[in-house]
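Student: Sending over query-v3.cif (mmCIF, C-alpha atoms).
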```
data_coords
loop_
_atom_site.label_atom_id
_atom_site.label_comp_id
_atom_site.auth_asym_id
_atom_site.auth_seq_id
_atom_site.Cartn_x
_atom_site.Cartn_y
_atom_site.Cartn_z
CA ILE A 6 24.72 -28.49 14.28
CA THR A 7 21.94 -25.93 14.74
CA GLY A 8 19.66 -26.98 11.88
CA ASP A 9 19.74 -23.47 10.40
CA SER A 10 20.05 -22.84 6.66
CA ALA A 11 22.24 -19.96 5.53
CA LEU A 12 23.65 -18.30 2.43
CA LEU A 13 27.11 -16.79 2.03
CA ASP A 14 27.12 -13.66 -0.12
CA GLN A 15 29.96 -12.43 -2.33
CA ASP A 16 31.29 -10.23 0.46
CA GLY A 17 31.59 -13.16 2.82
CA ASN A 18 28.56 -12.26 4.94
CA LEU A 19 26.46 -15.12 6.31
CA HIS A 20 22.67 -14.72 6.05
CA LEU A 21 20.29 -17.00 7.97
CA VAL A 22 17.34 -17.90 5.72
CA GLY A 23 15.50 -20.59 7.67
CA ARG A 24 15.85 -24.03 9.15
CA ASP A 25 16.28 -27.39 7.44
CA LYS A 26 13.32 -28.75 9.37
CA ASP A 27 11.12 -25.87 8.14
CA SER A 28 10.12 -27.59 4.91
CA ILE A 29 6.94 -29.17 3.61
CA ASN A 30 7.13 -32.73 2.34
CA ILE A 31 4.19 -33.21 -0.04
CA ASN A 32 4.08 -36.71 -1.46
CA GLY A 33 7.87 -36.95 -1.29
CA VAL A 34 8.59 -33.51 -2.76
CA LYS A 35 10.19 -31.09 -0.28
CA HIS A 36 9.43 -27.38 -0.41
CA PRO A 37 11.48 -25.21 1.99
CA SER A 38 9.17 -22.85 3.86
CA VAL A 39 11.35 -19.87 2.99
CA ASP A 40 11.03 -20.60 -0.75
CA VAL A 41 7.23 -20.65 -0.56
CA GLU A 42 7.26 -17.46 1.53
CA THR A 43 9.48 -15.72 -1.02
CA PHE A 44 7.18 -16.76 -3.88
CA ILE A 45 4.15 -15.36 -2.03
CA VAL A 46 5.92 -12.05 -1.35
CA ASP A 47 7.16 -11.81 -4.95
CA ASN A 48 3.53 -11.88 -6.13
CA GLY A 49 3.05 -8.42 -4.59
CA ILE A 50 -0.36 -9.22 -3.13
CA ALA A 51 -2.24 -6.14 -1.95
CA GLY A 52 -2.32 -5.77 1.82
CA VAL A 53 0.21 -8.52 2.55
CA SER A 54 3.24 -7.48 4.60
CA ALA A 55 6.43 -8.44 2.78
CA THR A 56 8.22 -9.10 6.07
CA GLU A 57 5.57 -11.08 7.95
CA VAL A 58 4.65 -14.13 5.85
CA PHE A 59 5.26 -17.53 7.41
CA VAL A 60 4.66 -20.96 5.89
CA CYS A 61 4.39 -23.63 8.57
CA PRO A 62 4.45 -27.38 7.89
CA MET A 63 1.76 -29.49 9.55
CA ARG A 64 0.53 -33.08 9.46
CA LEU A 65 -3.20 -33.73 9.87
CA PRO A 66 -4.41 -36.80 11.79
CA ASP A 67 -4.32 -39.98 9.66
CA ALA A 68 -2.74 -38.10 6.74
CA ASP A 69 0.02 -39.81 4.76
CA THR A 70 1.72 -36.59 3.69
CA ASP A 71 2.34 -33.08 4.97
CA THR A 72 0.18 -30.08 4.45
CA TYR A 73 0.89 -26.53 5.57
CA ALA A 74 -0.52 -23.29 6.90
CA VAL A 75 0.23 -19.73 5.82
CA PHE A 76 0.13 -17.09 8.54
CA TYR A 77 0.70 -13.47 7.61
CA GLN A 78 0.17 -9.87 8.65
CA HIS A 79 -2.35 -7.85 6.68
CA ALA A 80 -2.16 -4.08 6.38
CA LEU A 81 -5.58 -3.92 8.04
CA PRO A 82 -5.66 -4.54 11.81
CA ILE A 83 -7.26 -7.96 11.75
CA GLU A 84 -7.64 -7.90 15.54
CA ASN A 85 -10.13 -5.03 15.27
CA ASP A 86 -13.73 -5.07 14.08
CA LEU A 87 -13.51 -4.69 10.31
CA SER A 88 -16.09 -3.31 7.93
CA GLU A 89 -17.63 -5.56 5.30
CA SER A 90 -15.44 -4.05 2.58
CA GLU A 91 -12.32 -4.54 4.70
CA ILE A 92 -13.17 -8.19 5.29
CA VAL A 93 -13.62 -8.62 1.54
CA SER A 94 -10.13 -7.13 1.03
CA VAL A 95 -8.67 -9.63 3.50
CA THR A 96 -10.43 -12.60 1.89
CA GLU A 97 -9.16 -11.47 -1.54
CA ALA A 98 -5.61 -11.44 -0.16
CA ASN A 99 -6.18 -14.91 1.30
CA ARG A 100 -7.37 -16.16 -2.08
CA ALA A 101 -4.36 -14.68 -3.87
CA ILE A 102 -1.97 -16.29 -1.36
CA ARG A 103 -3.74 -19.59 -1.78
CA LYS A 104 -3.45 -19.37 -5.57
CA ALA A 105 0.28 -18.60 -5.35
CA CYS A 106 0.80 -21.58 -3.04
CA ILE A 107 -1.06 -23.92 -5.39
CA ILE A 108 1.14 -22.86 -8.30
CA PHE A 109 4.34 -23.30 -6.27
CA CYS A 110 3.53 -26.48 -4.33
CA SER A 111 0.85 -28.13 -6.52
CA GLN A 112 -1.12 -28.39 -3.30
CA ALA A 113 -3.31 -25.89 -1.50
CA PRO A 114 -2.48 -24.88 2.07
CA HIS A 115 -4.70 -26.24 4.81
CA VAL A 116 -5.34 -22.70 5.99
CA VAL A 117 -4.38 -19.14 5.04
CA LEU A 118 -4.88 -16.81 7.98
CA PRO A 119 -3.96 -13.21 8.77
CA LEU A 120 -2.97 -12.85 12.42
CA PRO A 121 -2.86 -9.93 14.85
CA ARG A 122 0.39 -7.99 14.89
CA LYS A 123 1.27 -9.24 18.38
CA SER A 124 1.36 -12.81 17.06
CA PHE A 125 4.62 -12.11 15.23
CA ALA A 126 6.72 -11.44 18.31
CA LYS A 127 10.42 -11.90 17.62
CA SER A 128 12.91 -13.77 19.73
CA ALA A 129 16.08 -12.26 21.17
CA ILE A 130 17.85 -12.96 17.86
CA GLY A 131 15.08 -11.34 15.81
CA LYS A 132 13.32 -14.45 14.51
CA VAL A 133 9.64 -15.43 14.51
CA SER A 134 9.06 -19.06 15.45
CA ARG A 135 7.05 -20.96 12.84
CA ALA A 136 6.57 -23.72 15.39
CA GLY A 137 5.21 -21.17 17.84
CA LEU A 138 2.75 -19.82 15.26
CA MET A 139 1.53 -23.34 14.52
CA ALA A 140 1.20 -24.22 18.20
CA SER A 141 -0.87 -21.10 18.79
CA TYR A 142 -3.15 -21.96 15.84
CA LEU A 143 -3.63 -25.57 16.94
CA LYS A 144 -4.42 -24.39 20.45
CA GLY A 145 -7.34 -22.38 19.02
CA ASP A 146 -5.98 -18.92 19.74
CA HIS A 147 -7.19 -17.62 16.36
CA THR A 148 -10.46 -19.52 15.97
CA ALA A 149 -12.56 -16.34 16.14
CA ILE A 150 -10.68 -14.76 13.22
CA GLU A 151 -10.88 -17.94 11.17
CA GLU A 152 -14.62 -18.30 11.73
CA LYS A 153 -15.27 -14.64 10.90
CA LEU A 154 -13.54 -14.98 7.53
CA ARG A 155 -15.13 -18.35 6.83
CA ALA A 156 -18.59 -16.86 7.38
CA VAL A 157 -17.96 -14.25 4.68
CA ILE A 158 -16.89 -16.93 2.18
CA THR A 159 -19.91 -19.11 3.00
CA ASN A 160 -22.36 -16.22 2.70
CA GLY A 161 -20.86 -15.23 -0.65
CA SER A 162 -21.28 -18.62 -2.28
CA ALA A 163 -23.74 -18.37 -5.18
CA GLY A 164 -24.33 -22.07 -5.73
CA THR A 165 -23.91 -21.85 -9.50
CA LEU A 166 -24.17 -24.98 -11.66
CA PRO A 167 -23.03 -25.65 -15.26
CA THR A 168 -24.66 -23.41 -17.87
CA ASP A 169 -23.28 -24.81 -21.17
CA PRO A 170 -22.02 -28.13 -22.62
CA VAL A 171 -18.33 -27.36 -21.97
CA GLU A 172 -19.01 -26.52 -18.33
CA LEU A 173 -21.13 -29.63 -17.95
CA ALA A 174 -18.39 -31.81 -19.43
CA THR A 175 -15.77 -30.25 -17.13
CA PHE A 176 -18.01 -30.81 -14.10
CA GLU A 177 -18.50 -34.44 -15.18
CA VAL A 178 -14.74 -35.02 -15.49
CA VAL A 179 -14.09 -33.62 -12.01
CA ALA A 180 -17.04 -35.52 -10.52
CA ASP A 181 -15.80 -38.79 -12.05
CA LEU A 182 -12.25 -38.13 -10.87
CA LEU A 183 -13.40 -37.68 -7.28
CA GLY A 184 -16.32 -40.10 -7.27
CA LYS A 185 -18.79 -37.32 -6.52
CA ASP A 186 -22.30 -36.51 -7.67
CA ILE A 187 -22.17 -33.64 -10.15
CA THR A 188 -24.93 -31.84 -8.25
CA SER A 189 -22.61 -31.53 -5.25
CA LEU A 190 -20.19 -29.34 -7.24
CA ASP A 191 -20.25 -25.58 -7.62
CA ARG A 192 -18.43 -23.15 -9.91
CA GLU A 193 -17.08 -21.42 -6.79
CA ASP A 194 -15.50 -24.64 -5.47
CA SER A 195 -11.73 -24.80 -5.17
CA LEU A 196 -10.57 -28.09 -6.65
CA PHE A 197 -8.33 -28.61 -3.62
CA ASP A 198 -11.19 -28.03 -1.19
CA ILE A 199 -13.35 -30.74 -2.77
CA GLY A 200 -10.69 -33.45 -2.70
CA VAL A 201 -8.21 -32.86 -5.52
CA SER A 202 -4.60 -33.33 -4.39
CA SER A 203 -1.27 -33.01 -6.14
CA MET A 204 -1.60 -36.71 -6.97
CA HIS A 205 -4.84 -36.04 -8.91
CA ILE A 206 -3.58 -33.20 -11.09
CA VAL A 207 -1.85 -35.26 -13.79
CA ARG A 208 -4.83 -37.61 -14.00
CA LEU A 209 -7.17 -34.62 -14.30
CA LYS A 210 -4.98 -33.26 -17.11
CA HIS A 211 -5.30 -36.51 -19.10
CA LEU A 212 -9.04 -36.86 -18.46
CA LEU A 213 -9.66 -33.33 -19.74
CA GLN A 214 -7.43 -33.92 -22.78
CA ASP A 215 -9.36 -37.09 -23.64
CA ARG A 216 -12.77 -35.53 -23.05
CA PHE A 217 -12.11 -32.47 -25.20
CA THR A 218 -9.69 -34.11 -27.69
CA ILE A 219 -6.91 -31.65 -26.85
CA PRO A 220 -3.29 -32.79 -27.48
CA ASP A 221 -1.87 -31.17 -24.36
CA ILE A 222 -3.08 -29.14 -21.40
CA PRO A 223 -0.09 -27.90 -19.38
CA VAL A 224 -0.39 -28.77 -15.69
CA ILE A 225 0.50 -25.18 -14.79
CA ASP A 226 -2.64 -23.98 -16.62
CA ILE A 227 -4.77 -26.19 -14.37
CA LEU A 228 -2.95 -25.03 -11.22
CA ARG A 229 -3.51 -21.39 -12.20
CA ARG A 230 -7.25 -22.10 -12.42
CA ALA A 231 -7.83 -24.02 -9.20
CA GLU A 232 -11.46 -22.91 -8.90
CA LEU A 233 -13.89 -25.05 -10.86
CA GLY A 234 -15.49 -22.06 -12.56
CA ALA A 235 -12.12 -20.72 -13.71
CA LEU A 236 -11.21 -24.16 -15.09
CA CYS A 237 -14.52 -24.28 -16.98
CA ASP A 238 -13.85 -20.83 -18.48
CA PHE A 239 -10.39 -21.96 -19.54
CA MET A 240 -11.80 -25.04 -21.28
CA VAL A 241 -14.29 -22.82 -23.14
CA GLU A 242 -11.36 -20.78 -24.46
#
```
In structure tokens, what does this structure look like?
Tutor:
Amino acid sequence: ITGDSALLDQDGNLHLVGRDKDSININGVKHPSVDVETFIVDNGIAGVSATEVFVCPMRLPDADTDTYAVFYQHALPIENDLSESEIVSVTEANRAIRKACIIFCSQAPHVVLPLPRKSFAKSAIGKVSRAGLMASYLKGDHTAIEEKLRAVITNGSAGTLPTDPVELATFEVVADLLGKDITSLDREDSLFDIGVSSMHIVRLKHLLQDRFTIPDIPVIDILRRAELGALCDFMVE
């Protein structure tokens, strides 16, 4: 048994689509890496290569469930010095990938990172090793790229606080859910970056419904608005 997953088409041809062990187990729910990759590609995100998107399972120290990383090739040569506008394009692609992953997995990836073209070297049978990509990341081979993109995100943060009663109430719900001080939250915050997990989403749904006296808020509507500011705007609507 090789551990490979395959599909047999109507003409009898066998197509390798991944490996059984290449799946993410998030709080007992398994998501095959290839399914997440396909969902990302199907979103048609600008700059993202349709053939070089890899979702790699990982387990952080002391964590009780899996998380995952998304490594991909951007149309821009990430290994070169990029202009400010090019870096913005890359970070927008990262954000779109992250949003797609949240909708599919109900959990944000630990990292979304474009890698140099040489990182996607194929084996003799034409496959890119997800385990190899993860090992390279954990070894720190791509720290410089990660820090460069992180600096752009940090510098772009506006530090915006609630501006109306609905925003304030939404901030209060999230702060209570996570046991945080409301002043530590920002409209630009991703819910998943400040501590929300897939286990919190249903509770957040019910807290918002109770606070705003709304019969039902579909979970998918929360997942599609994973940034606090976007959630506030949705509640205003």
Student: Applied to the shown file, which residues does the PyMOL selection byres ((chain A and resi 166) around 12) return, written as a list of chain:residue names?
Tutor: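 Checking the PyMOL selection byres ((chain A and resi 166) around 12) against this file, the residues are A:Ser162, A:Ala163, A:Gly164, A:Thr165, A:Pro167, A:Thr168, A:Asp169, A:Pro170, A:Glu172, A:Leu173, A:Ala174, A:Thr175, A:Phe176, A:Glu177, A:Ile187, A:Thr188, A:Ser189, A:Leu190, A:Asp191, A:Arg192, A:Glu193, A:Asp194, A:Leu233, A:Gly234, A:Cys237.
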Student: Just want the 10 Å neighbourhood of Gly200 in chain A, counted on all atoms listed in the file, with same-chain residues fewer than 5 positions away dropped. Output as an MDAnalysis selection string.
Tutor: chainID A and resid 179 182:185 195 205
Student: Between A:Val53, A:Leu65, A:Leu138, A:Val58, which residue has the minimum interatomic distance to Ala98 in chain A, considering all atoms listed in the file?
Tutor: A:Val53
Student: Give me, please, the distance in Å between CA of Ser134 in chain A and CA of Ile29 in chain A, quoted to one decimal.
Tutor: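 Rounded to one decimal, the two atoms are 15.7 Å apart.
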Student: Find the residues near Asn99 in chain A: any atom within 10 Å, counting all atoms listed in the file, skip ones fewer than 5 places away on the same chain, and give them as a ChimeraX atom specification.
Tutor: /A:50,52-53,75-77,79,93-94,104-105,116-119,154
Student: Hey, what comes out of the PyMOL selection byres ((chain A and resi 72) around 12) on this file? Could you write it as a compact mmCIF listing (two decimals) with C-alpha atoms, in the frame of the given file?
Tutor:
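As written to disk, part20.txt reads:
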```
# COMPACT_ATOMS: atom_id res chain seq x y z
CA SER A 28 10.12 -27.59 4.91
CA ILE A 29 6.94 -29.17 3.61
CA ASN A 30 7.13 -32.73 2.34
CA ILE A 31 4.19 -33.21 -0.04
CA ASN A 32 4.08 -36.71 -1.46
CA GLY A 33 7.87 -36.95 -1.29
CA VAL A 34 8.59 -33.51 -2.76
CA LYS A 35 10.19 -31.09 -0.28
CA HIS A 36 9.43 -27.38 -0.41
CA SER A 38 9.17 -22.85 3.86
CA VAL A 60 4.66 -20.96 5.89
CA CYS A 61 4.39 -23.63 8.57
CA PRO A 62 4.45 -27.38 7.89
CA MET A 63 1.76 -29.49 9.55
CA ARG A 64 0.53 -33.08 9.46
CA LEU A 65 -3.20 -33.73 9.87
CA PRO A 66 -4.41 -36.80 11.79
CA ALA A 68 -2.74 -38.10 6.74
CA ASP A 69 0.02 -39.81 4.76
CA THR A 70 1.72 -36.59 3.69
CA ASP A 71 2.34 -33.08 4.97
CA TYR A 73 0.89 -26.53 5.57
CA ALA A 74 -0.52 -23.29 6.90
CA VAL A 75 0.23 -19.73 5.82
CA CYS A 106 0.80 -21.58 -3.04
CA ILE A 107 -1.06 -23.92 -5.39
CA CYS A 110 3.53 -26.48 -4.33
CA SER A 111 0.85 -28.13 -6.52
CA GLN A 112 -1.12 -28.39 -3.30
CA ALA A 113 -3.31 -25.89 -1.50
CA PRO A 114 -2.48 -24.88 2.07
CA HIS A 115 -4.70 -26.24 4.81
CA VAL A 116 -5.34 -22.70 5.99
CA VAL A 117 -4.38 -19.14 5.04
CA PHE A 197 -8.33 -28.61 -3.62
CA SER A 202 -4.60 -33.33 -4.39
CA SER A 203 -1.27 -33.01 -6.14
```
Student: If we count only C-alpha atoms, what is near range 122-125 of chain A at a cut-off of 10 Å, once residues fewer than 4 positions away on the same chain are taken out, given as a PyMOL selection string?
Tutor: chain A and resi 57-59+76-84+132-135+137-138+141+146-147
Student: Keeping only C-alpha atoms, write those residues as a PDB file, keeping the file's coordinate frame.
Tutor:
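Output file again_34.pdb is given in full below:
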```pdb
ATOM      1  CA  GLU A  57       5.570 -11.080   7.950  1.00  0.00           C
ATOM      2  CA  VAL A  58       4.650 -14.130   5.850  1.00  0.00           C
ATOM      3  CA  PHE A  59       5.260 -17.530   7.410  1.00  0.00           C
ATOM      4  CA  PHE A  76       0.130 -17.090   8.540  1.00  0.00           C
ATOM      5  CA  TYR A  77       0.700 -13.470   7.610  1.00  0.00           C
ATOM      6  CA  GLN A  78       0.170  -9.870   8.650  1.00  0.00           C
ATOM      7  CA  HIS A  79      -2.350  -7.850   6.680  1.00  0.00           C
ATOM      8  CA  ALA A  80      -2.160  -4.080   6.380  1.00  0.00           C
ATOM      9  CA  LEU A  81      -5.580  -3.920   8.040  1.00  0.00           C
ATOM     10  CA  PRO A  82      -5.660  -4.540  11.810  1.00  0.00           C
ATOM     11  CA  ILE A  83      -7.260  -7.960  11.750  1.00  0.00           C
ATOM     12  CA  GLU A  84      -7.640  -7.900  15.540  1.00  0.00           C
ATOM     13  CA  LYS A 132      13.320 -14.450  14.510  1.00  0.00           C
ATOM     14  CA  VAL A 133       9.640 -15.430  14.510  1.00  0.00           C
ATOM     15  CA  SER A 134       9.060 -19.060  15.450  1.00  0.00           C
ATOM     16  CA  ARG A 135       7.050 -20.960  12.840  1.00  0.00           C
ATOM     17  CA  GLY A 137       5.210 -21.170  17.840  1.00  0.00           C
ATOM     18  CA  LEU A 138       2.750 -19.820  15.260  1.00  0.00           C
ATOM     19  CA  SER A 141      -0.870 -21.100  18.790  1.00  0.00           C
ATOM     20  CA  ASP A 146      -5.980 -18.920  19.740  1.00  0.00           C
ATOM     21  CA  HIS A 147      -7.190 -17.620  16.360  1.00  0.00           C
TER      22      HIS A 147
END
```
